Structures are given as C-alpha cells and as structure tokens.
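Just start-v1.txt here, compact mmCIF, C-alpha atoms and all ligand atoms:
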```txt
# COMPACT_ATOMS: atom_id res chain seq x y z
CA MET P 1394 90.89 27.52 147.57
CA LYS P 1395 90.06 29.29 150.82
CA LYS P 1396 92.48 28.03 153.48
CA GLY P 1397 91.17 26.93 156.87
CA PRO P 1398 92.75 28.28 160.08
CA LEU P 1399 94.99 25.26 160.38
CA ALA P 1400 96.54 25.71 156.97
CA ALA P 1401 97.90 29.05 158.13
CA ASN P 1402 99.25 27.68 161.43
CA LEU P 1403 100.78 24.41 160.28
CA LYS P 1404 104.28 24.04 161.67
CA LEU P 1405 104.90 20.85 159.69
CA SER P 1406 107.10 20.99 156.64
CA LEU P 1407 104.46 20.39 154.04
CA PRO P 1408 105.34 20.43 150.36
CA PRO P 1409 104.98 23.80 148.60
CA PRO P 1410 101.36 24.98 148.77
CA ASP P 1411 100.32 23.17 145.68
CA GLU P 1412 96.59 23.79 145.47
CA VAL P 1413 95.80 20.49 143.76
CA PHE P 1414 97.82 18.51 146.27
CA LEU P 1415 96.27 20.20 149.29
CA SER P 1416 92.71 20.01 148.08
CA LYS P 1417 93.13 16.23 148.03
CA PHE P 1418 93.90 16.06 151.72
CA LEU P 1419 92.80 19.22 153.47
CA THR P 1420 89.21 19.99 154.28
CA GLU P 1421 88.22 23.59 154.80
CA SER P 1422 87.61 22.90 158.46
CA GLY P 1423 91.36 22.40 158.68
CA THR P 1424 91.67 18.65 159.03
CA PHE P 1425 94.56 17.17 157.08
CA LYS P 1426 94.56 13.44 156.54
CA ASP P 1427 96.92 11.29 154.53
CA GLY P 1428 97.02 7.57 155.28
CA ASP P 1429 98.03 7.15 158.92
CA LEU P 1430 98.63 10.86 159.51
CA LEU P 1431 95.82 12.96 160.90
CA VAL P 1432 96.33 16.65 161.65
CA ASN P 1433 93.68 18.97 162.94
CA ARG P 1434 93.33 21.88 165.33
CA ASN P 1435 93.91 19.42 168.22
CA GLY P 1436 97.36 18.50 166.94
CA VAL P 1437 99.00 15.69 165.01
CA ARG P 1438 98.03 12.06 165.45
CA LEU P 1439 99.23 8.82 163.94
CA VAL P 1440 96.35 6.43 163.50
CA SER P 1441 96.39 2.76 162.59
CA GLN P 1442 94.69 1.69 159.39
CA SER P 1443 91.79 0.12 161.31
CA GLU P 1444 91.38 3.37 163.23
CA VAL P 1445 91.36 5.28 159.93
CA GLU P 1446 88.47 3.13 158.81
CA ALA P 1447 86.68 3.38 162.14
CA ALA P 1448 87.15 7.15 162.15
CA ALA P 1449 85.77 7.45 158.64
CA LEU P 1450 82.18 8.03 159.71
CA ILE P 1451 81.44 11.21 161.61
CA GLN P 1452 80.30 10.67 165.18
CA PRO P 1453 78.15 13.10 167.21
CA SER P 1454 81.06 13.61 169.60
CA ASP P 1455 83.52 14.68 166.86
CA ASN P 1456 82.73 18.34 167.27
CA GLN P 1457 85.01 19.11 164.35
CA LEU P 1458 82.53 19.91 161.67
CA SER P 1459 82.52 23.12 159.73
CA LEU P 1460 79.76 24.32 157.42
CA ALA P 1461 82.33 24.60 154.65
CA ASP P 1462 82.76 20.82 154.75
CA PHE P 1463 79.30 20.23 153.31
CA ASP P 1464 77.84 20.33 149.82
CA ALA P 1465 74.19 21.33 149.64
CA ILE P 1466 72.17 18.77 147.69
CA GLN P 1467 68.62 20.11 147.89
CA VAL P 1468 65.94 21.63 150.09
CA ILE P 1469 63.97 18.87 151.84
CA GLY P 1470 61.65 20.81 154.07
CA LYS P 1471 60.47 24.16 155.32
CA GLY P 1472 59.10 24.95 158.73
CA ASN P 1473 57.99 28.13 160.40
CA GLY P 1474 61.41 28.71 161.83
CA GLY P 1475 63.58 27.93 158.85
CA ILE P 1476 64.66 25.71 156.06
CA VAL P 1477 66.02 22.14 156.04
CA ARG P 1478 68.48 20.96 153.40
CA LEU P 1479 69.97 17.61 152.52
CA VAL P 1480 73.74 18.09 152.61
CA GLN P 1481 76.67 15.78 151.99
CA HIS P 1482 79.93 15.79 153.89
CA LYS P 1483 82.67 16.32 151.32
CA TRP P 1484 85.15 14.06 153.00
CA THR P 1485 83.14 11.02 154.14
CA GLY P 1486 80.22 11.23 151.71
CA GLN P 1487 77.83 10.98 154.67
CA PHE P 1488 74.45 12.68 154.33
CA PHE P 1489 73.07 15.03 156.95
CA ALA P 1490 70.12 17.37 157.30
CA LEU P 1491 71.12 21.00 157.78
CA LYS P 1492 68.51 23.12 159.47
CA VAL P 1493 69.01 26.87 159.26
CA ILE P 1494 66.94 29.17 161.43
CA GLN P 1495 67.22 32.89 160.74
CA MET P 1496 67.40 34.91 163.91
CA ASN P 1497 68.90 38.23 164.66
CA ILE P 1498 69.05 38.17 168.39
CA GLU P 1499 71.14 39.52 171.17
CA GLU P 1500 74.16 37.75 172.63
CA SER P 1501 72.44 36.43 175.79
CA ALA P 1502 69.64 34.71 173.88
CA ARG P 1503 72.21 33.21 171.53
CA LYS P 1504 74.14 31.77 174.46
CA HIS P 1505 70.94 30.32 175.87
CA ILE P 1506 70.16 28.64 172.57
CA ALA P 1507 73.71 27.32 172.25
CA ARG P 1508 73.38 25.77 175.74
CA GLU P 1509 70.08 24.11 174.90
CA LEU P 1510 71.45 22.75 171.68
CA LYS P 1511 74.40 21.28 173.59
CA ILE P 1512 71.92 19.26 175.69
CA ASN P 1513 70.36 18.17 172.43
CA GLN P 1514 73.80 17.15 171.14
CA SER P 1515 74.53 15.04 174.20
CA SER P 1516 71.48 12.83 173.70
CA GLN P 1517 72.41 9.23 173.25
CA CYS P 1518 69.22 7.47 172.37
CA PRO P 1519 68.33 5.54 169.20
CA TYR P 1520 64.83 7.06 169.30
CA ILE P 1521 66.00 10.68 169.19
CA VAL P 1522 67.38 12.35 166.04
CA VAL P 1523 71.09 12.99 166.59
CA CYS P 1524 72.17 16.60 166.63
CA TYR P 1525 75.81 16.65 165.48
CA GLN P 1526 76.72 20.26 165.83
CA SER P 1527 75.30 23.73 165.77
CA PHE P 1528 76.74 27.07 164.72
CA TYR P 1529 75.70 30.67 164.97
CA ASP P 1530 76.80 32.60 161.96
CA ASN P 1531 75.60 35.75 160.25
CA GLY P 1532 72.29 36.02 162.07
CA ALA P 1533 71.37 32.36 161.60
CA ILE P 1534 71.56 29.22 163.68
CA SER P 1535 72.62 26.19 161.66
CA ILE P 1536 72.09 22.74 163.10
CA ILE P 1537 73.59 19.62 161.58
CA LEU P 1538 71.19 16.76 162.18
CA GLU P 1539 71.10 13.08 161.46
CA TYR P 1540 69.45 12.72 158.05
CA MET P 1541 66.24 10.72 158.21
CA ASP P 1542 65.66 9.56 154.64
CA GLY P 1543 61.93 8.88 154.97
CA GLY P 1544 61.17 12.45 156.02
CA SER P 1545 58.57 13.12 158.68
CA LEU P 1546 55.46 11.22 159.69
CA ALA P 1547 53.52 14.21 158.31
CA ASP P 1548 55.15 13.68 154.89
CA PHE P 1549 54.43 9.94 155.10
CA LEU P 1550 50.81 10.50 156.13
CA ASN P 1551 50.37 12.75 153.09
CA LYS P 1552 51.27 9.77 150.93
CA VAL P 1553 49.40 6.94 152.68
CA HIS P 1554 46.54 8.99 154.26
CA MET P 1555 45.91 6.48 157.08
CA ILE P 1556 48.15 4.13 159.02
CA PRO P 1557 46.72 0.69 159.98
CA GLU P 1558 46.80 -0.23 163.67
CA PRO P 1559 49.60 -2.86 163.61
CA TYR P 1560 52.02 -0.37 161.97
CA LEU P 1561 50.82 2.40 164.22
CA ALA P 1562 51.57 0.28 167.30
CA ALA P 1563 55.12 -0.36 166.03
CA ILE P 1564 55.63 3.36 165.32
CA CYS P 1565 54.14 4.32 168.68
CA LYS P 1566 56.40 1.93 170.58
CA GLN P 1567 59.49 3.73 169.26
CA VAL P 1568 58.03 7.16 170.01
CA LEU P 1569 57.25 6.01 173.56
CA LYS P 1570 60.85 4.87 174.01
CA GLY P 1571 62.06 8.27 172.83
CA LEU P 1572 59.60 10.05 175.12
CA TRP P 1573 60.57 7.85 178.04
CA TYR P 1574 64.19 8.83 177.43
CA LEU P 1575 63.38 12.55 177.28
CA HIS P 1576 61.10 12.46 180.33
CA HIS P 1577 62.91 10.05 182.64
CA GLU P 1578 66.56 10.36 181.61
CA LYS P 1579 66.80 13.96 180.49
CA HIS P 1580 63.88 15.45 182.43
CA ILE P 1581 62.82 17.36 179.35
CA ILE P 1582 59.31 18.08 178.14
CA HIS P 1583 59.30 18.03 174.34
CA ARG P 1584 56.59 20.73 174.05
CA ASP P 1585 56.10 20.35 170.30
CA LEU P 1586 55.30 16.73 169.57
CA LYS P 1587 53.53 16.58 166.19
CA PRO P 1588 53.72 14.52 162.98
CA SER P 1589 56.38 16.76 161.41
CA ASN P 1590 58.66 16.27 164.43
CA LEU P 1591 58.62 12.47 164.16
CA LEU P 1592 61.10 11.38 161.49
CA ILE P 1593 61.38 8.00 159.79
CA ASN P 1594 63.99 6.14 157.74
CA HIS P 1595 64.36 3.18 155.39
CA ARG P 1596 65.48 0.98 158.28
CA GLY P 1597 62.02 1.33 159.83
CA GLU P 1598 63.29 3.61 162.58
CA VAL P 1599 61.15 6.37 164.07
CA LYS P 1600 62.87 9.20 165.96
CA ILE P 1601 61.78 12.31 167.76
CA THR P 1602 63.30 15.62 166.71
CA ASP P 1603 63.16 19.32 167.59
CA PHE P 1604 62.66 19.00 171.31
CA GLY P 1605 63.22 22.23 173.09
CA VAL P 1606 64.00 24.11 169.89
CA SER P 1607 60.52 25.48 169.39
CA ALA P 1608 60.23 26.36 173.05
CA ILE P 1609 63.44 28.36 172.84
CA LEU P 1610 62.31 30.08 169.68
CA ALA P 1611 58.93 30.94 171.13
CA SER P 1612 60.41 32.32 174.32
CA THR P 1613 63.26 34.20 172.72
CA SER P 1614 62.71 37.91 172.78
CA GLY P 1615 62.60 39.54 169.40
CA LEU P 1616 61.17 36.42 167.86
CA ALA P 1617 57.74 36.53 169.42
CA ASN P 1618 56.26 37.99 166.27
CA THR P 1619 58.02 35.81 163.76
CA PHE P 1620 57.59 32.43 165.36
CA VAL P 1621 54.21 30.91 164.67
CA GLY P 1622 54.12 27.41 166.09
CA THR P 1623 51.10 25.18 165.80
CA TYR P 1624 48.61 24.99 168.64
CA ASN P 1625 46.94 21.91 167.18
CA TYR P 1626 48.64 19.39 169.42
CA MET P 1627 48.97 21.59 172.48
CA SER P 1628 47.38 20.29 175.68
CA PRO P 1629 44.50 22.22 177.33
CA GLU P 1630 46.60 23.01 180.42
CA ARG P 1631 49.30 24.60 178.25
CA ILE P 1632 46.78 26.63 176.31
CA LEU P 1633 45.36 27.84 179.62
CA GLY P 1634 48.82 29.04 180.54
CA GLY P 1635 49.10 27.13 183.80
CA ASN P 1636 51.72 24.66 184.93
CA TYR P 1637 52.32 21.76 182.66
CA GLY P 1638 54.56 18.73 182.73
CA TYR P 1639 55.56 15.57 180.90
CA ARG P 1640 51.94 14.50 180.49
CA SER P 1641 51.44 17.45 178.18
CA ASP P 1642 53.52 15.49 175.62
CA ILE P 1643 51.27 12.44 176.18
CA TRP P 1644 48.21 14.49 175.13
CA SER P 1645 50.05 15.46 171.92
CA LEU P 1646 51.02 11.83 171.29
CA GLY P 1647 47.38 10.75 171.57
CA LEU P 1648 46.28 13.36 169.02
CA VAL P 1649 49.10 12.42 166.64
CA LEU P 1650 48.10 8.72 166.77
CA LEU P 1651 44.44 9.48 166.29
CA GLU P 1652 45.29 11.64 163.28
CA CYS P 1653 47.48 8.86 161.82
CA ALA P 1654 44.69 6.28 162.27
CA THR P 1655 41.85 8.38 160.85
CA GLY P 1656 43.76 10.55 158.40
CA GLU P 1657 42.22 13.67 159.91
CA PHE P 1658 43.15 16.10 162.65
CA PRO P 1659 40.90 15.08 165.58
CA PHE P 1660 39.43 18.52 166.35
CA SER P 1661 37.25 19.51 163.45
CA SER P 1662 36.01 23.03 163.00
CA PRO P 1663 32.27 23.75 163.28
CA GLN P 1664 32.27 25.44 159.85
CA PRO P 1665 33.29 23.61 156.65
CA GLU P 1666 35.89 26.23 155.61
CA GLY P 1667 38.03 25.30 158.63
CA TRP P 1668 39.14 27.21 161.69
CA ALA P 1669 38.36 30.92 161.56
CA ASN P 1670 41.40 31.69 163.70
CA VAL P 1671 43.74 30.12 166.17
CA TYR P 1672 41.67 31.31 169.17
CA GLU P 1673 38.65 29.36 167.98
CA LEU P 1674 40.78 26.21 167.83
CA MET P 1675 42.27 26.90 171.27
CA GLU P 1676 38.83 27.46 172.74
CA THR P 1677 37.62 24.15 171.30
CA ILE P 1678 40.58 22.24 172.76
CA VAL P 1679 39.96 23.73 176.19
CA ASP P 1680 36.13 23.68 176.28
CA GLN P 1681 35.06 20.67 174.24
CA PRO P 1682 35.25 17.05 175.44
CA ALA P 1683 38.46 15.21 174.55
CA PRO P 1684 38.33 13.45 171.17
CA HIS P 1685 38.25 9.66 171.02
CA ALA P 1686 38.67 6.87 168.46
CA PRO P 1687 35.31 5.61 167.09
CA SER P 1688 34.76 2.17 168.60
CA ASP P 1689 33.04 0.78 165.49
CA LEU P 1690 36.14 1.41 163.36
CA TYR P 1691 39.03 0.70 165.72
CA SER P 1692 40.03 -2.07 168.12
CA PRO P 1693 39.09 -1.74 171.81
CA GLU P 1694 42.83 -1.65 172.62
CA PHE P 1695 43.43 1.30 170.30
CA CYS P 1696 40.39 3.18 171.62
CA ALA P 1697 41.57 2.56 175.19
CA PHE P 1698 45.11 3.70 174.33
CA ILE P 1699 43.85 6.97 172.85
CA SER P 1700 41.71 7.65 175.88
CA ALA P 1701 44.69 6.90 178.16
CA CYS P 1702 46.54 9.74 176.38
CA VAL P 1703 43.86 12.25 175.48
CA GLN P 1704 42.39 13.18 178.86
CA LYS P 1705 41.59 16.79 179.70
CA ASP P 1706 43.07 16.42 183.18
CA PRO P 1707 46.80 15.55 182.92
CA LYS P 1708 46.57 13.44 186.09
CA ASP P 1709 44.26 11.04 184.23
CA ARG P 1710 46.82 10.41 181.46
CA LEU P 1711 49.26 7.50 181.64
CA SER P 1712 53.03 8.03 181.54
CA ALA P 1713 55.26 6.94 178.63
CA ASN P 1714 56.46 4.05 180.73
CA GLU P 1715 52.94 2.87 181.59
CA LEU P 1716 51.86 3.20 177.96
CA MET P 1717 54.67 0.91 176.82
CA ALA P 1718 52.96 -1.96 178.64
CA HIS P 1719 49.50 -1.06 177.26
CA PRO P 1720 47.63 -3.88 175.42
CA PHE P 1721 47.60 -1.82 172.20
CA ILE P 1722 51.41 -1.91 172.15
CA THR P 1723 51.81 -5.53 173.32
CA LYS P 1724 48.99 -6.93 171.16
CA PHE P 1725 50.96 -6.97 167.88
CA GLU P 1726 54.29 -7.92 169.38
CA ASN P 1727 54.25 -11.48 168.04
CA LEU P 1728 53.54 -10.32 164.51
CA GLU P 1729 56.57 -9.50 162.40
CA ILE P 1730 55.74 -5.88 161.62
CA ASP P 1731 58.16 -4.73 158.93
CA LEU P 1732 58.21 -0.96 159.20
CA ALA P 1733 61.25 -0.76 156.88
CA LEU P 1734 59.23 -2.29 154.04
CA TYR P 1735 56.14 -0.27 154.94
CA PHE P 1736 58.02 3.04 154.90
CA THR P 1737 60.00 2.36 151.71
CA SER P 1738 56.99 1.05 149.80
CA ALA P 1739 55.50 4.55 149.98
CA GLY P 1740 58.38 5.85 147.83
CA PRO P 1741 62.15 5.51 147.62
CA PRO P 1742 64.30 7.77 149.81
CA LEU P 1743 66.02 10.78 148.28
CA ALA P 1744 69.48 9.63 149.27
CA THR P 1745 70.71 6.79 151.40
CA LEU P 1746 74.14 5.92 152.70
P1 LIG Z 1 57.72 23.87 162.63
O1 LIG Z 1 58.65 24.86 162.05
O2 LIG Z 1 56.38 24.40 162.92
O3 LIG Z 1 58.30 23.11 163.77
P2 LIG Z 1 58.29 21.60 160.96
O4 LIG Z 1 58.61 20.64 162.06
O5 LIG Z 1 57.59 21.01 159.76
O6 LIG Z 1 57.41 22.78 161.47
P3 LIG Z 1 61.09 21.83 160.44
O7 LIG Z 1 61.46 21.24 161.75
O8 LIG Z 1 61.88 22.97 159.93
O9 LIG Z 1 59.59 22.33 160.46
O10 LIG Z 1 61.10 20.66 159.37
C1 LIG Z 1 60.58 20.81 158.07
C2 LIG Z 1 60.60 19.49 157.32
O11 LIG Z 1 61.95 19.15 157.01
C3 LIG Z 1 60.05 18.29 158.10
O12 LIG Z 1 58.66 18.19 158.00
C4 LIG Z 1 60.76 17.14 157.40
O13 LIG Z 1 60.08 16.82 156.21
C5 LIG Z 1 62.11 17.75 157.03
N1 LIG Z 1 63.16 17.41 158.02
C6 LIG Z 1 63.44 18.06 159.17
N2 LIG Z 1 64.49 17.50 159.80
C7 LIG Z 1 64.89 16.46 159.03
C8 LIG Z 1 65.92 15.45 159.15
N3 LIG Z 1 66.74 15.42 160.20
N4 LIG Z 1 66.01 14.52 158.18
C9 LIG Z 1 65.17 14.55 157.11
N5 LIG Z 1 64.19 15.45 156.94
C10 LIG Z 1 64.03 16.40 157.89
MG MG Z 2 60.33 20.21 163.10
```
Show this structure as structure tokens.
Ligand code: ATP
Ligand code: MG
Amino acid sequence: MKKGPLAANLKLSLPPPDEVFLSKFLTESGTFKDGDLLVNRNGVRLVSQSEVEAAALIQPSDNQLSLADFDAIQVIGKGNGGIVRLVQHKWTGQFFALKVIQMNIEESARKHIARELKINQSSQCPYIVVCYQSFYDNGAISIILEYMDGGSLADFLNKVHMIPEPYLAAICKQVLKGLWYLHHEKHIIHRDLKPSNLLINHRGEVKITDFGVSAILASTSGLANTFVGTYNYMSPERILGGNYGYRSDIWSLGLVLLECATGEFPFSSPQPEGWANVYELMETIVDQPAPHAPSDLYSPEFCAFISACVQKDPKDRLSANELMAHPFITKFENLEIDLALYFTSAGPPLATL
C-alpha cells in the first residue's frame, strides 16, 4: 500500500505497520478513522458517535479529498475539453463525477483556473451542480463534481426526443432559479448554457453545471486551438464580439427550451446536409430573424416565453427574475408535475446512492 503523507508523519503510537490493519482505517489521503478517533492532516479529533454518522457523507466544504480516495467505475461522458467518469469514494461509498481536462499550461493560467474553480466550489445553491474539489496534476485539471444520475438534458432529449410543455415549465423553473443565483448573487454570466450543461437526477432535480469553465478554457492561452466550444446557443451580441451581459444567457435558455419542445435545434441550415461550417451558422444567428415557437403547435404562453428570451436585442429580453413570474411558468403550478417519475421512466440511473 502506498502511504499517504500523514502515515509518515504520525506521532501517535500506532501498532506496528501492519498493512492489513492500516488499510482498514487509513485512506490514501491520510485520514485515519477508528470509532470516535479521527486523525487527518489537521490533527487529532475525538468525535461523538452522532458526529461520526453526520460526518460520514462528504460535504463540499471538506476540502480533504484526494484522487487516490476514489475508484473509477466507468466513463459517463465526453466533451470537447475532457472526459467525465463515474467514481466512488472508497471510504463513504458516495458517487461523484470526476471531470478531467487535459491542459499543459503555464503557471499563471493554472492559478487563474484554480481561482475560478474556487468560486465554483463556494456556490451554495440547490440549482447548481456542486463542485467538491479540484486538483492540478500531471498536466490535467481534475474536478470532483456532484454526480447527477440522470445525465444531461441533452442525453435525456436523445431518449425522449421532445419534452411536453408542463414538464418543460417545471424544468425551466429550476434553471431560472439557478440562473437567478448566478446572475444576482454571484454576478456571473454562465456563457455556455446548453442542454449538455443542464444535469438531471432521479429526484427530479435540474442543475446548471460548467459555468465559467468553458470561458476559462477558451480564453486560456495555449488552448485556443484545442478548445472547440459550440456556437449554437451563443447570442448574436457575443458572436459580434461586443459587450455582453447576463441577458446573453437568457438567449441561450430560450434556444434550449425551443429545442427541447420541438426536438430540433432552432436554427436550421439552408442545405439538407447541415451547416457547411461554423461561420455560416454564426452568420445566420446574427443576420436572420430570431426563431420562435410555432403558434399552431404550442400554447400562447410558451410562444410568449420563447419570444421574451430569444430577442436579437438583449435589452428586449426579460431577466431570470422576471421570467420566473411569466405565465408559462405559473400556468402549470397547480398541477403535480412529477419530474422524478418523468426522468426515471426514460431509463434507470447508472448508480444511485
Ligand atoms: P463541452 O465540452 O462542449 O462543454 P459537454 O458539456 O457535453 O460539452 P462535459 O461537460 O465534459 O462536455 O460533459 C460530458 C457529459 O458528461 C455530459 O453531457 C453528461 O452526460 C456527463 N456529465 C458531465 N458532468 C456530469 C455530472 N456531474 N454528473 C453526471 N454526468 C455528468
Ligand atoms: Mg459540460
């Protein structure tokens, strides 16, 4: 067994270094726990039995995780930036998603990323995916995230093809709460709102992930050639390279909802084989009129909601807060919309704890 740093520094009189004995109590991150006794790099602590139980689950503030404490279960997703794995904490059995982004970058960029991820870690909102810890090791950034067992809205949409309005309103309400938190509490623009960055779970929860990460990756020198984000959901003012603000995320939200309702990305290419290149798509977003929901297929409230989001001029778009009171969101409030059942009926989760 590879000993953690604490094993080497322990001043306690532990029994002889019996490998079998130690492996029962000592994690590779260097936390030793036996009944009421808890020893880690912060020192020795006696904890009551109830505290032992309460401490059993890892909290975002623990800051004590080490990559060696996790068993990899399987790959659950791949993005442009890296790979996402389902992992299990050896000690608590808790599942997490481990996202690894390969990047060989200089020290200053690394520090910048570490700072941004710290902001991410300090988010305390039930509508934002928790970031537990991040590490830089061997040319890769590893981020331990809350595991969302339903995957992303993109994965879900692949299975169900279209989402009916009442469910969409319930999903949208949670996304708006997350956006409100990012915009009004954190003063952050997400910049990359899209179906694959909205994650769902068997409890019917919908959470926003990856805010800021893509922006950092895109702006990090040395990565400009390797990072290929999607421009699909990008607002016209961002494509034009001018100033943009929170309402840029509202444009993206409108496109995501329209895609979920119709099953198709709202900007269709003039030729049947699809977009010739990314510039053609960007030109269409900037030059063509904003897409809308067809009024013969969707409720007036939904059509009005989409047009309150997808306006070419950001000043004409409503804020997250204003949208929360929109008739499309309030209309289904008296119905018992069971998103938990809706999400799980599309297929059982990979692992649940
Ligand atoms: P891009 O790299 O362009 O942002 P992306 O968002 O699809 O694309 P990732 O953020 O790497 O790329 O995510 C890839 C996939 O991994 C997601 O679509 C989702 O299925 C899965 N995934 C990501 N994070 C989690 C998580 N916390 N819990 C469960 N599944 C996740
Ligand atoms: Mg993502």
Would you name the residues within 7 Å of ligand LIG 1 (chain Z), counting all atoms listed in the file, and put them as an mmCIF file with C-alpha atoms, in the frame of the given file?
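As written to disk, part-v1.cif reads:
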```cif
data_model
loop_
_atom_site.group_PDB
_atom_site.id
_atom_site.type_symbol
_atom_site.label_atom_id
_atom_site.label_comp_id
_atom_site.auth_asym_id
_atom_site.auth_seq_id
_atom_site.Cartn_x
_atom_site.Cartn_y
_atom_site.Cartn_z
ATOM 1 C CA ILE P 1469 63.970 18.870 151.840
ATOM 2 C CA GLY P 1470 61.650 20.810 154.070
ATOM 3 C CA LYS P 1471 60.470 24.160 155.320
ATOM 4 C CA GLY P 1472 59.100 24.950 158.730
ATOM 5 C CA ASN P 1473 57.990 28.130 160.400
ATOM 6 C CA GLY P 1474 61.410 28.710 161.830
ATOM 7 C CA GLY P 1475 63.580 27.930 158.850
ATOM 8 C CA ILE P 1476 64.660 25.710 156.060
ATOM 9 C CA VAL P 1477 66.020 22.140 156.040
ATOM 10 C CA ALA P 1490 70.120 17.370 157.300
ATOM 11 C CA LYS P 1492 68.510 23.120 159.470
ATOM 12 C CA VAL P 1522 67.380 12.350 166.040
ATOM 13 C CA LEU P 1538 71.190 16.760 162.180
ATOM 14 C CA GLU P 1539 71.100 13.080 161.460
ATOM 15 C CA TYR P 1540 69.450 12.720 158.050
ATOM 16 C CA MET P 1541 66.240 10.720 158.210
ATOM 17 C CA ASP P 1542 65.660 9.560 154.640
ATOM 18 C CA GLY P 1543 61.930 8.880 154.970
ATOM 19 C CA GLY P 1544 61.170 12.450 156.020
ATOM 20 C CA SER P 1545 58.570 13.120 158.680
ATOM 21 C CA ALA P 1547 53.520 14.210 158.310
ATOM 22 C CA ASP P 1548 55.150 13.680 154.890
ATOM 23 C CA SER P 1589 56.380 16.760 161.410
ATOM 24 C CA ASN P 1590 58.660 16.270 164.430
ATOM 25 C CA LEU P 1592 61.100 11.380 161.490
ATOM 26 C CA ASP P 1603 63.160 19.320 167.590
ATOM 27 C CA SER P 1607 60.520 25.480 169.390
ATOM 28 C CA GLY P 1622 54.120 27.410 166.090
ATOM 29 C CA THR P 1623 51.100 25.180 165.800
#
```
Expected residue set, 6 Å radius at (73.0, 16.4, 162.6), all atoms listed in the file, as a ChimeraX atom specification
/P:1489,1523-1525,1537-1539
Nearest to ligand MG 2 (chain Z), chosen from P:Thr1602, P:Ser1688, P:Ser1628, P:Ser1662, with all atoms listed in the file counted in the distances:
P:Thr1602
Mind checking which residues fall within 9 Å of P:Ala1533, counting all atoms listed in the file, ignoring those fewer than 5 positions away in the same chain, and posting them as a compact mmCIF listing (two decimals) with C-alpha atoms, in the frame of the given file?
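Once everything was written out, this is selection-v3.txt:
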```txt
# COMPACT_ATOMS: atom_id res chain seq x y z
CA VAL P 1493 69.01 26.87 159.26
CA ILE P 1494 66.94 29.17 161.43
CA GLN P 1495 67.22 32.89 160.74
CA MET P 1496 67.40 34.91 163.91
CA ASN P 1497 68.90 38.23 164.66
CA PHE P 1528 76.74 27.07 164.72
```
Would you work out the distance separating atom CA of P:Glu1729 from atom CA of P:Tyr1560, expressed in Å to one decimal?
10.2 Å
What is the atom CA of P:Asn1714-atom CA of P:Phe1658 distance in Å, reported with one decimal?
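According to the coordinates, atom CA of P:Asn1714 and atom CA of P:Phe1658 are separated by 25.5 Å.
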Pick the closest to ligand MG 2 (chain Z) from P:Ile1601, P:Leu1561, P:Leu1450, P:Leu1479: which is it, counting all atoms listed in the file?
P:Ile1601
Pick out the closest residue to ligand MG 2 (chain Z) from this set: P:Lys1600, P:Lys1708, P:His1577, P:Arg1631. Count only C-alpha atoms and all ligand atoms.
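Among the listed residues, P:Lys1600 lies closest to ligand MG 2 (chain Z).
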Could you please determine the separation between atom CA of P:Met1717 and atom CA of P:Ser1661 in Å, to one decimal place?
28.8 Å
Anything within 12 Å of (46.6, 6.9, 149.1): list those residues as a list in words, counting only C-alpha atoms and sticking to the file's coordinates.
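Selection result: Phe1549, Leu1550, Asn1551, Lys1552, Val1553, His1554, Met1555, Ile1556, Gly1656, Ser1738, Ala1739 and Gly1740 of chain P.
With distances restricted to all atoms listed in the file, P:Leu1591 is the closest residue to ligand MG 2 (chain Z) from P:Leu1591, P:Ile1506, P:Lys1566, P:Thr1485.
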Choose the residue, out of P:Ala1654, P:Gln1526, P:Arg1478, P:Glu1630, that has the smallest atom-to-atom separation from P:Asp1455; count only C-alpha atoms.
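Of P:Ala1654, P:Gln1526, P:Arg1478, P:Glu1630, the one nearest P:Asp1455 is P:Gln1526, counting only C-alpha atoms.
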Residue neighbourhood P:Arg1710, 8 Å, all atoms listed in the file, exclusion window fewer than 6 positions, as a PyMOL selection string:
chain P and resi 1640+1643-1644+1701-1704
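Comparing P:Ala1733, P:Ile1678, P:Leu1586, P:Ile1632 by their smallest distance to ligand MG 2 (chain Z), the closest is P:Leu1586 (using all atoms listed in the file).
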Can you pull out the residues contacting P:Pro1720? Cut-off 10 Å, using only C-alpha atoms, and skip same-chain residues under 5 positions away; I want them as a ChimeraX atom specification.
/P:1562,1693-1695,1697-1698,1725-1726
